[in-house]
file query_28.cif (mmCIF, C-alpha atoms)
data_final
#
loop_
_atom_site.label_atom_id
_atom_site.label_comp_id
_atom_site.auth_asym_id
_atom_site.auth_seq_id
_atom_site.Cartn_x
_atom_site.Cartn_y
_atom_site.Cartn_z
CA MET A 269 -4.71 -8.34 -12.08
CA ALA A 270 -2.00 -9.03 -9.46
CA GLU A 271 -3.04 -8.55 -5.86
CA LYS A 272 -1.67 -5.37 -4.30
CA SER A 273 0.61 -5.81 -1.31
CA THR A 274 -1.12 -3.00 0.56
CA PHE A 275 -4.64 -1.68 0.81
CA THR A 276 -4.60 2.05 1.43
CA HIS A 277 -7.32 4.48 2.40
CA SER A 278 -7.19 5.86 -1.14
CA ASP A 279 -7.80 2.36 -2.49
CA TYR A 280 -10.75 1.90 -0.15
CA THR A 281 -12.25 5.31 -0.95
CA ALA A 282 -12.01 4.78 -4.71
CA GLN A 283 -13.57 1.32 -4.55
CA ARG A 284 -16.25 2.48 -2.11
CA GLN A 285 -17.24 5.38 -4.35
CA ALA A 286 -17.43 3.06 -7.37
CA LEU A 287 -19.58 0.54 -5.48
CA ASP A 288 -21.84 3.27 -4.12
CA GLY A 289 -22.49 4.39 -7.69
CA LEU A 290 -23.23 0.82 -8.82
CA ILE A 291 -25.55 0.27 -5.86
CA GLN A 292 -27.46 3.45 -6.64
CA ASP A 293 -27.86 2.29 -10.23
CA ALA A 294 -28.94 -1.19 -9.07
CA GLU A 295 -31.50 0.27 -6.66
CA GLU A 296 -32.89 2.38 -9.44
CA GLY A 297 -32.97 -0.70 -11.71
CA HIS A 298 -34.84 -2.67 -9.03
CA ARG A 299 -37.39 0.09 -8.64
CA ARG A 300 -37.91 0.25 -12.40
CA ALA A 301 -38.28 -3.52 -12.64
CA GLY A 302 -40.95 -3.38 -9.93
CA TYR A 303 -42.75 -0.61 -11.73
CA ARG A 304 -42.57 -2.46 -15.03
CA LEU A 305 -43.91 -5.58 -13.30
CA VAL A 306 -46.92 -3.64 -12.05
CA ILE A 307 -47.73 -2.24 -15.47
CA GLY A 308 -47.18 -5.61 -17.13
CA GLU A 309 -43.98 -4.81 -18.98
CA ALA A 310 -41.74 -7.12 -16.89
CA THR A 311 -41.94 -10.48 -15.13
CA GLN A 312 -41.21 -11.45 -11.54
CA ASP A 313 -38.03 -13.03 -12.83
CA ASP A 314 -36.88 -9.59 -14.02
CA VAL A 315 -37.56 -8.17 -10.57
CA ASP A 316 -35.75 -11.08 -8.88
CA LYS A 317 -32.73 -10.67 -11.13
CA ALA A 318 -32.57 -6.95 -10.32
CA LEU A 319 -32.80 -7.76 -6.60
CA VAL A 320 -30.08 -10.39 -6.85
CA SER A 321 -27.79 -7.89 -8.61
CA LEU A 322 -28.48 -5.33 -5.91
CA GLY A 323 -27.84 -7.88 -3.16
CA ALA A 324 -24.56 -8.94 -4.76
CA LEU A 325 -23.37 -5.35 -4.90
CA LYS A 326 -24.29 -4.74 -1.26
CA ALA A 327 -22.47 -7.95 -0.33
CA ARG A 328 -19.39 -6.64 -2.17
CA LEU A 329 -19.72 -3.42 -0.19
CA ARG A 330 -19.84 -5.31 3.11
CA THR A 331 -16.77 -7.28 2.03
CA LEU A 332 -14.98 -4.07 1.10
CA ASP A 333 -15.80 -2.49 4.49
CA ALA A 334 -14.60 -5.63 6.27
CA ALA A 335 -11.41 -5.61 4.22
CA TRP A 336 -10.78 -1.99 5.16
CA ASP A 337 -11.34 -2.74 8.84
CA ALA A 338 -8.88 -5.63 8.57
CA ALA A 339 -6.39 -3.42 6.73
CA LYS A 340 -6.57 -0.79 9.45
CA GLN A 341 -6.06 -3.40 12.14
CA GLN A 342 -3.12 -4.89 10.24
CA ALA A 343 -1.60 -1.45 9.73
CA ALA A 344 -1.91 -0.75 13.45
CA GLU A 345 -0.26 -4.08 14.29
CA ASP A 346 2.48 -3.45 11.74
CA LEU A 347 3.13 -0.03 13.25
CA VAL A 348 3.37 -1.49 16.75
CA ASN A 349 5.75 -4.21 15.55
CA SER A 350 7.82 -1.74 13.56
CA ARG A 351 8.19 0.60 16.51
CA ARG A 352 9.03 -2.30 18.82
CA ALA A 353 11.75 -3.44 16.41
CA ALA A 354 13.05 0.13 16.10
CA ARG A 355 13.24 0.44 19.89
CA ARG A 356 15.16 -2.81 20.18
CA ALA A 357 17.52 -1.69 17.42
CA ALA A 358 18.00 1.63 19.21
CA VAL A 359 18.95 -0.14 22.44
CA GLU A 360 21.43 -2.33 20.56
CA GLN A 361 22.96 0.72 18.89
CA ILE A 362 23.16 2.52 22.22
CA GLU A 363 24.96 -0.47 23.74
CA THR A 364 27.46 -0.27 20.89
CA GLN A 365 28.04 3.39 21.73
CA PHE A 366 28.52 2.57 25.41
CA ALA A 367 31.30 0.21 24.34
CA ALA A 368 32.73 2.94 22.10
CA ARG A 369 32.75 5.37 25.06
CA THR A 370 34.65 2.88 27.19
CA GLU A 371 37.14 2.20 24.41
CA ALA A 372 37.58 5.95 23.91
CA ALA A 373 38.21 6.32 27.66
CA ARG A 374 40.98 3.74 27.41
CA ALA A 375 42.47 5.67 24.49
CA MET A 376 42.26 8.96 26.44
CA HIS A 377 43.92 7.31 29.43
CA SER A 378 46.77 6.05 27.25
CA ALA A 379 47.06 9.45 25.55
CA ALA A 380 47.25 11.21 28.93
CA ILE A 381 49.99 8.82 30.09
CA GLU A 382 51.91 9.41 26.87
CA LEU A 383 51.45 13.16 27.22
CA GLY A 384 52.80 12.96 30.78
CA ARG A 385 55.82 11.02 29.56
CA ALA A 386 56.44 13.59 26.85
CA VAL A 387 56.22 16.43 29.39
CA ALA A 388 58.66 14.59 31.67
CA ALA A 389 61.07 14.05 28.77
CA TYR A 390 60.76 17.73 27.84
CA ASN A 391 61.51 18.84 31.41
CA GLU A 392 64.41 16.40 31.76
CA ALA A 393 65.96 17.76 28.57
CA GLY A 394 65.60 21.31 29.92
CA ASP A 395 67.16 20.32 33.24
CA ALA A 396 70.08 18.75 31.37
CA ILE A 397 70.63 22.00 29.47
CA VAL A 398 70.65 23.96 32.74
CA GLU A 399 73.15 21.53 34.26
CA GLN A 400 75.48 21.92 31.30
CA VAL A 401 75.30 25.72 31.53
CA ARG A 402 75.82 25.62 35.31
CA ALA A 403 78.93 23.53 34.82
CA ARG A 404 80.33 26.17 32.48
CA TYR A 405 79.45 28.88 35.02
CA GLN A 406 81.15 26.99 37.82
CA VAL A 407 84.46 26.95 35.95
CA GLY A 408 84.11 30.63 35.16
CA GLU A 409 83.47 30.33 31.46
CA ILE A 410 80.12 32.18 31.51
CA SER A 411 78.59 34.87 33.69
CA MET A 412 75.85 34.52 36.30
CA ASP A 413 73.53 36.58 34.13
CA TRP A 414 74.12 34.21 31.25
CA MET A 415 73.30 31.23 33.43
CA GLY A 416 70.26 32.98 34.94
CA ASP A 417 68.85 33.92 31.56
CA THR A 418 69.25 30.35 30.37
CA ARG A 419 67.57 28.94 33.48
CA ARG A 420 64.68 31.41 33.15
CA GLU A 421 64.04 30.49 29.53
CA ILE A 422 64.18 26.78 30.29
CA ALA A 423 61.73 27.22 33.19
CA ASP A 424 59.16 28.93 30.97
CA ASN A 425 56.05 26.74 30.91
CA GLY A 426 54.20 28.53 28.13
CA TYR A 427 54.06 25.22 26.29
CA ALA A 428 51.49 24.01 28.84
CA GLY A 429 49.09 26.76 27.78
CA LEU A 430 49.59 25.79 24.15
CA ILE A 431 48.77 22.17 24.99
CA VAL A 432 45.58 23.31 26.73
CA GLY A 433 44.70 25.35 23.65
CA LEU A 434 45.39 22.41 21.36
CA LEU A 435 43.18 20.16 23.47
CA PHE A 436 40.50 22.84 23.53
CA ASP A 437 40.54 22.98 19.73
CA ASN A 438 40.04 19.21 19.76
CA GLY A 439 37.02 19.25 22.06
CA LEU A 440 38.46 19.17 25.60
CA ASN A 441 37.62 22.21 27.74
CA PHE A 442 39.57 22.64 30.99
CA SER A 443 37.69 25.81 31.94
CA GLY A 444 36.85 25.80 35.65
CA ILE A 445 38.66 22.50 36.28
CA SER A 446 41.26 22.34 39.01
CA GLY A 447 44.12 19.96 38.40
CA ALA A 448 44.30 19.02 42.07
CA ASN A 449 40.56 18.39 42.28
CA GLY A 450 40.69 16.39 39.06
CA ARG A 451 43.41 14.19 40.53
CA GLU A 452 41.32 13.55 43.62
CA GLU A 453 38.30 12.65 41.46
CA TYR A 454 40.49 10.34 39.40
CA ARG A 455 41.57 8.49 42.51
CA LYS A 456 38.08 8.42 43.99
CA HIS A 457 36.56 6.83 40.89
CA GLY A 458 39.38 4.38 40.34
CA GLY A 459 40.54 5.84 37.04
CA LEU A 460 39.13 7.25 33.83
CA VAL A 461 37.84 3.96 32.41
CA ALA A 462 36.10 3.04 35.66
CA TYR A 463 34.48 6.50 35.78
CA VAL A 464 33.15 6.21 32.22
CA GLU A 465 31.80 2.72 32.89
CA LYS A 466 29.97 4.06 35.94
CA ARG A 467 28.47 6.87 33.88
CA ASN A 468 27.45 4.34 31.21
CA GLY A 469 25.70 2.33 33.90
CA VAL A 470 23.74 5.37 35.06
CA VAL A 471 22.66 6.26 31.52
CA ARG A 472 21.82 2.60 30.79
CA ARG A 473 19.15 2.72 33.51
CA TYR A 474 17.27 5.15 31.27
CA THR A 475 18.14 3.92 27.80
CA GLY A 476 17.56 0.28 28.73
CA ARG A 477 13.89 1.05 29.33
CA ILE A 478 13.39 2.19 25.74
CA ALA A 479 12.73 -1.39 24.66
CA GLU A 480 10.01 -1.69 27.32
CA ILE A 481 7.92 1.18 25.95
CA GLY A 482 4.62 -0.17 24.72
CA ALA A 483 5.74 -3.77 25.32
#

call {"tool": "encode", "arguments": {"input": "query_28.cif", "output": "structure tokens"}}
result
Amino acid sequence: MAEKSTFTHSDYTAQRQALDGLIQDAEEGHRRAGYRLVIGEATQDDVDKALVSLGALKARLRTLDAAWDAAKQQAAEDLVNSRRAARRAAVEQIETQFAARTEAARAMHSAAIELGRAVAAYNEAGDAIVEQVRARYQVGEISMDWMGDTRREIADNGYAGLIVGLLFDNGLNFSGISGANGREEYRKHGGLVAYVEKRNGVVRRYTGRIAEIGA
């Protein structure tokens, strides 16, 4: 029969129970051989053979117990090694995510710059419309009310609220954040990417110790 790759507690229990039964039978056989020797129905050789059989079974039991002790020790070592490998893998995966955070910060920075450019282009287009209407007012082609209504509509910044709502729907919450304070924080930290890298460094002080657990 092929050797099993593992030796479980169920394996040990089943084999131990079987051996215990054989040992009980062998002990009973040894006692009977001794009795038969006394009454002249058996020889010393019969008794010796019964004793040898009993001794062999007890030796098998000691071997089984030793094998189970070794299996438990190996299982404990395997568990330690497995957990150590898992911790190292976790640290490697975390480092990958740190890099992903930094790359995402670069993308957010670029997106914010592009958004600012789009806002500037939007405002410039509105200013151009107002200038065209003002020119028509200055030559008397349209009324002041007409020009005022146009200017008021162009100045409406409701789009900014919609942008905030769109960003909120995509995971960015501006609640309680002051634009002026945010600008100061941006300057203080040297930019978005630098800020994220600093935060990564702080978190790394904790996550980097994962690999040291139980080392």

call {"tool": "resolve_selection", "arguments": {"input": "query_28.cif", "expression": "the PyMOL selection byres ((chain A and resi 319) around 12)", "output": "list in words"}}
result
Ile291, Asp293, Ala294, Glu295, Glu296, Gly297, His298, Arg299, Arg300, Ala301, Gly302, Gln312, Asp313, Asp314, Val315, Asp316, Lys317, Ala318, Val320, Ser321, Leu322, Gly323, Ala324, Leu325 and Lys326 of chain A

call {"tool": "axis_aligned_box", "arguments": {"input": "query_28.cif", "around": "region 376-388 of chain A", "padding_each_side": "8 Å", "output": "lines of an AutoDock Vina configuration file"}}
result
center_x = 50.5
center_y = 11.2
center_z = 28.6
size_x = 32.4
size_y = 26.4
size_z = 22.1

call {"tool": "atom_distance", "arguments": {"input": "query_28.cif", "atom1": "CA of Ala389 (chain A)", "atom2": "CA of Tyr454 (chain A)"}}
result
23.5 Å

call {"tool": "atom_distance", "arguments": {"input": "query_28.cif", "atom1": "CA of Ala338 (chain A)", "atom2": "CA of Arg284 (chain A)"}}
result
15.3 Å

call {"tool": "closest_residue", "arguments": {"input": "query_28.cif", "among": "A:Gly416, A:Trp336, A:Glu465, A:Asp346", "to": "Gln365 (chain A)", "atoms": "all atoms listed in the file"}}
result
A:Glu465

call {"tool": "atom_distance", "arguments": {"input": "query_28.cif", "atom1": "CA of Thr274 (chain A)", "atom2": "CA of Gln342 (chain A)"}}
result
10.1 Å

call {"tool": "closest_residue", "arguments": {"input": "query_28.cif", "among": "A:Ala357, A:Gln400, A:Ile362, A:Ile381", "to": "Arg473 (chain A)", "atoms": "all atoms listed in the file"}}
result
A:Ile362

call {"tool": "residues_around", "arguments": {"input": "query_28.cif", "residues": "Arg467 (chain A)", "least_positions_apart": "2", "cutoff": "12 Å", "atoms": "all atoms listed in the file", "output": "list in words"}}
result
Phe366, Ala367, Arg369, Thr370, Ala373, His457, Leu460, Val461, Ala462, Tyr463, Val464, Glu465, Gly469, Val470, Val471, Arg472, Arg473 and Tyr474 of chain A

call {"tool": "write_last_selection", "arguments": {"input": "query_28.cif", "atoms": "C-alpha atoms", "output": "short mmCIF file (atom, residue, chain, number, x, y, z; two decimals), in the coordinates of the input"}}
result
data_model
loop_
_atom_site.label_atom_id
_atom_site.label_comp_id
_atom_site.auth_asym_id
_atom_site.auth_seq_id
_atom_site.Cartn_x
_atom_site.Cartn_y
_atom_site.Cartn_z
CA PHE A 366 28.52 2.57 25.41
CA ALA A 367 31.30 0.21 24.34
CA ARG A 369 32.75 5.37 25.06
CA THR A 370 34.65 2.88 27.19
CA ALA A 373 38.21 6.32 27.66
CA HIS A 457 36.56 6.83 40.89
CA LEU A 460 39.13 7.25 33.83
CA VAL A 461 37.84 3.96 32.41
CA ALA A 462 36.10 3.04 35.66
CA TYR A 463 34.48 6.50 35.78
CA VAL A 464 33.15 6.21 32.22
CA GLU A 465 31.80 2.72 32.89
CA GLY A 469 25.70 2.33 33.90
CA VAL A 470 23.74 5.37 35.06
CA VAL A 471 22.66 6.26 31.52
CA ARG A 472 21.82 2.60 30.79
CA ARG A 473 19.15 2.72 33.51
CA TYR A 474 17.27 5.15 31.27
#

call {"tool": "resolve_selection", "arguments": {"input": "query_28.cif", "expression": "the PyMOL selection byres ((chain A and resi 332) around 12)", "output": "ChimeraX atom specification"}}
result
/A:275,277,279-288,325-331,333-339

call {"tool": "closest_residue", "arguments": {"input": "query_28.cif", "among": "A:Gln341, A:Gln292, A:Asn468, A:Ser411", "to": "Glu363 (chain A)", "atoms": "all atoms listed in the file"}}
result
A:Asn468

call {"tool": "closest_residue", "arguments": {"input": "query_28.cif", "among": "A:Val398, A:Val407, A:Ala379, A:Leu434", "to": "Glu421 (chain A)", "atoms": "all atoms listed in the file"}}
result
A:Val398

call {"tool": "resolve_selection", "arguments": {"input": "query_28.cif", "expression": "the PyMOL selection byres ((chain A and resi 397) around 12)", "output": "list in words"}}
result
Tyr390, Asn391, Glu392, Ala393, Gly394, Asp395, Ala396, Val398, Glu399, Gln400, Val401, Arg402, Ala403, Arg404, Met415, Thr418, Arg419, Arg420, Glu421, Ile422 and Ala423 of chain A
